[in-house]
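The structure appears below as structure tokens.
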Amino acid sequence: MYAIIQTGGKEYKVSPGDVIRVEKLPGVEGSRVEFNRVFAVRKEKLNVGSPLVADAKVTGTILRNARAPKVRVLKYKRKKQYRRTLGHRQAFSEVKINAIVTGAN
């Protein structure tokens with residue numbers, strides 16, 4: 001059993017028990033989240049929405065909110081003495097998928 005969901009502008013293929021890393025979600029560690037944008041669900045057969053599957057949702061629990069390692073960005077122009085360094089740490093949430101609920105349940 002799996003579902004294809006969208007959150008944070010990205011799509012994820014998830015199954016119950018999976019731990020996924022998504023864009024930071026509002027909520028604290030241990031709180032429950034629901035993903036209502038479900039594009040496809042497969043139990044016995046594949047159910048594809050147009051664009052979303054009706055009455056389908058995926059529930060999960062936030063395990064932790066954290067930030068990824070720093071990504072360093074260097075801008076450089078040779079012979080011009082131009083050098084700039086930037087850094088970025090992306091915030092994320094780790095979510096454990098609990099259940100995939102459809103209207104047929």
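Labels for the structure tokens follow display order: chains A, B, ..., residues from 1 in each chain, ligands from 1.
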
I'd like the neighbourhood of region 20-25 of chain A as a PDB file with C-alpha atoms, in the first residue's frame, where a residue qualifies if any of its atoms comes within 8 Å (using only C-alpha atoms), though same-chain residues fewer than 6 positions away should be ignored.
ATOM      1  CA  THR A   7       3.567  19.063   0.518  1.00  0.00           C
ATOM      2  CA  GLY A   8       5.933  21.999   0.376  1.00  0.00           C
ATOM      3  CA  VAL A  14       4.793   7.198   1.061  1.00  0.00           C
ATOM      4  CA  ASN A  65      11.944  19.901  13.383  1.00  0.00           C
ATOM      5  CA  ALA A  91      14.557  24.010   7.753  1.00  0.00           C
ATOM      6  CA  PHE A  92      12.798  20.641   7.570  1.00  0.00           C
ATOM      7  CA  SER A  93      10.429  18.365   9.477  1.00  0.00           C
ATOM      8  CA  GLU A  94      10.798  14.605   9.780  1.00  0.00           C
ATOM      9  CA  VAL A  95       7.374  12.968   9.598  1.00  0.00           C
ATOM     10  CA  LYS A  96       6.480   9.348  10.339  1.00  0.00           C
ATOM     11  CA  ILE A  97       3.562   8.204   8.173  1.00  0.00           C
TER      12      ILE A  97
END

Contacts of region 40-48 of chain A at 6 Å (only C-alpha atoms; same-chain gap of 4+ positions) as a ChimeraX atom specification: /A:1-4

Prev. selection, N, CA and C atoms, output as a PDB file, in the first residue's frame:
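So selection24.pdb came out as:
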ATOM      1  N   MET A   1       0.840  -1.167   0.000  1.00  0.00           N
ATOM      2  CA  MET A   1       0.000   0.000   0.000  1.00  0.00           C
ATOM      3  C   MET A   1       0.890   1.236   0.000  1.00  0.00           C
ATOM      4  N   TYR A   2       0.571   2.179  -0.895  1.00  0.00           N
ATOM      5  CA  TYR A   2       1.309   3.433  -0.921  1.00  0.00           C
ATOM      6  C   TYR A   2       0.409   4.544  -1.440  1.00  0.00           C
ATOM      7  N   ALA A   3       0.869   5.783  -1.252  1.00  0.00           N
ATOM      8  CA  ALA A   3       0.157   6.958  -1.752  1.00  0.00           C
ATOM      9  C   ALA A   3       1.181   7.958  -2.256  1.00  0.00           C
ATOM     10  N   ILE A   4       0.750   8.804  -3.173  1.00  0.00           N
ATOM     11  CA  ILE A   4       1.589   9.890  -3.657  1.00  0.00           C
ATOM     12  C   ILE A   4       0.944  11.184  -3.187  1.00  0.00           C
TER      13      ILE A   4
END

Residues flagged strand (DSSP E) by DSSP in region 18-100 of chain A, as a ChimeraX atom specification: /A:19-23,32-35,38-42,46-48,57-67,71-77,82-88,91-100

Spatial neighbours of region 68-77 of chain A, max dist 6 Å, only C-alpha atoms, sep filter under 6 positions, as a PyMOL selection string: chain A and resi 83-90

Neighbour list for Val58 (chain A) as a ChimeraX atom specification, cut-off 7 Å, only C-alpha atoms, skip fewer than 4 positions in-chain: /A:34-36,99-101

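Distance check against Val53 (chain A) using only C-alpha atoms: of A:Gln81, A:Arg67, A:Val38, A:Val19, the minimum falls on A:Val38.
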
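Distance check against Ile5 (chain A) using only C-alpha atoms: of A:Lys79, A:Arg32, A:Lys57, A:Arg64, the minimum falls on A:Lys57.
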
Excluding same-chain residues fewer than 2 positions from Asn98 (chain A), what lies within 9 Å of it counting only C-alpha atoms, as a compact mmCIF listing (two decimals) with N, CA and C atoms, in the first residue's frame?
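Generated output (selection32.txt):
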# COMPACT_ATOMS: atom_id res chain seq x y z
N SER A 15 4.42 5.19 2.31
CA SER A 15 3.73 4.00 2.80
C SER A 15 3.63 4.11 4.31
N PRO A 16 2.69 3.41 4.95
CA PRO A 16 2.63 3.45 6.41
C PRO A 16 3.94 2.95 7.03
N GLY A 17 4.45 3.70 8.00
CA GLY A 17 5.70 3.35 8.65
C GLY A 17 6.91 4.09 8.10
N ASP A 18 6.77 4.74 6.95
CA ASP A 18 7.89 5.48 6.36
C ASP A 18 8.19 6.73 7.18
N VAL A 58 -3.57 11.36 4.16
CA VAL A 58 -2.47 10.62 4.77
C VAL A 58 -2.19 11.29 6.11
N THR A 59 -2.13 10.51 7.17
CA THR A 59 -1.86 11.07 8.50
C THR A 59 -0.46 10.67 8.95
N GLY A 60 0.13 11.55 9.75
CA GLY A 60 1.47 11.29 10.24
C GLY A 60 1.74 12.03 11.53
N THR A 61 2.92 11.81 12.08
CA THR A 61 3.36 12.44 13.32
C THR A 61 4.71 13.10 13.08
N LYS A 96 6.73 10.79 10.44
CA LYS A 96 6.48 9.35 10.34
C LYS A 96 5.05 9.17 9.85
N ILE A 100 -2.83 5.63 5.71
CA ILE A 100 -3.40 6.16 4.48
C ILE A 100 -4.89 5.87 4.53
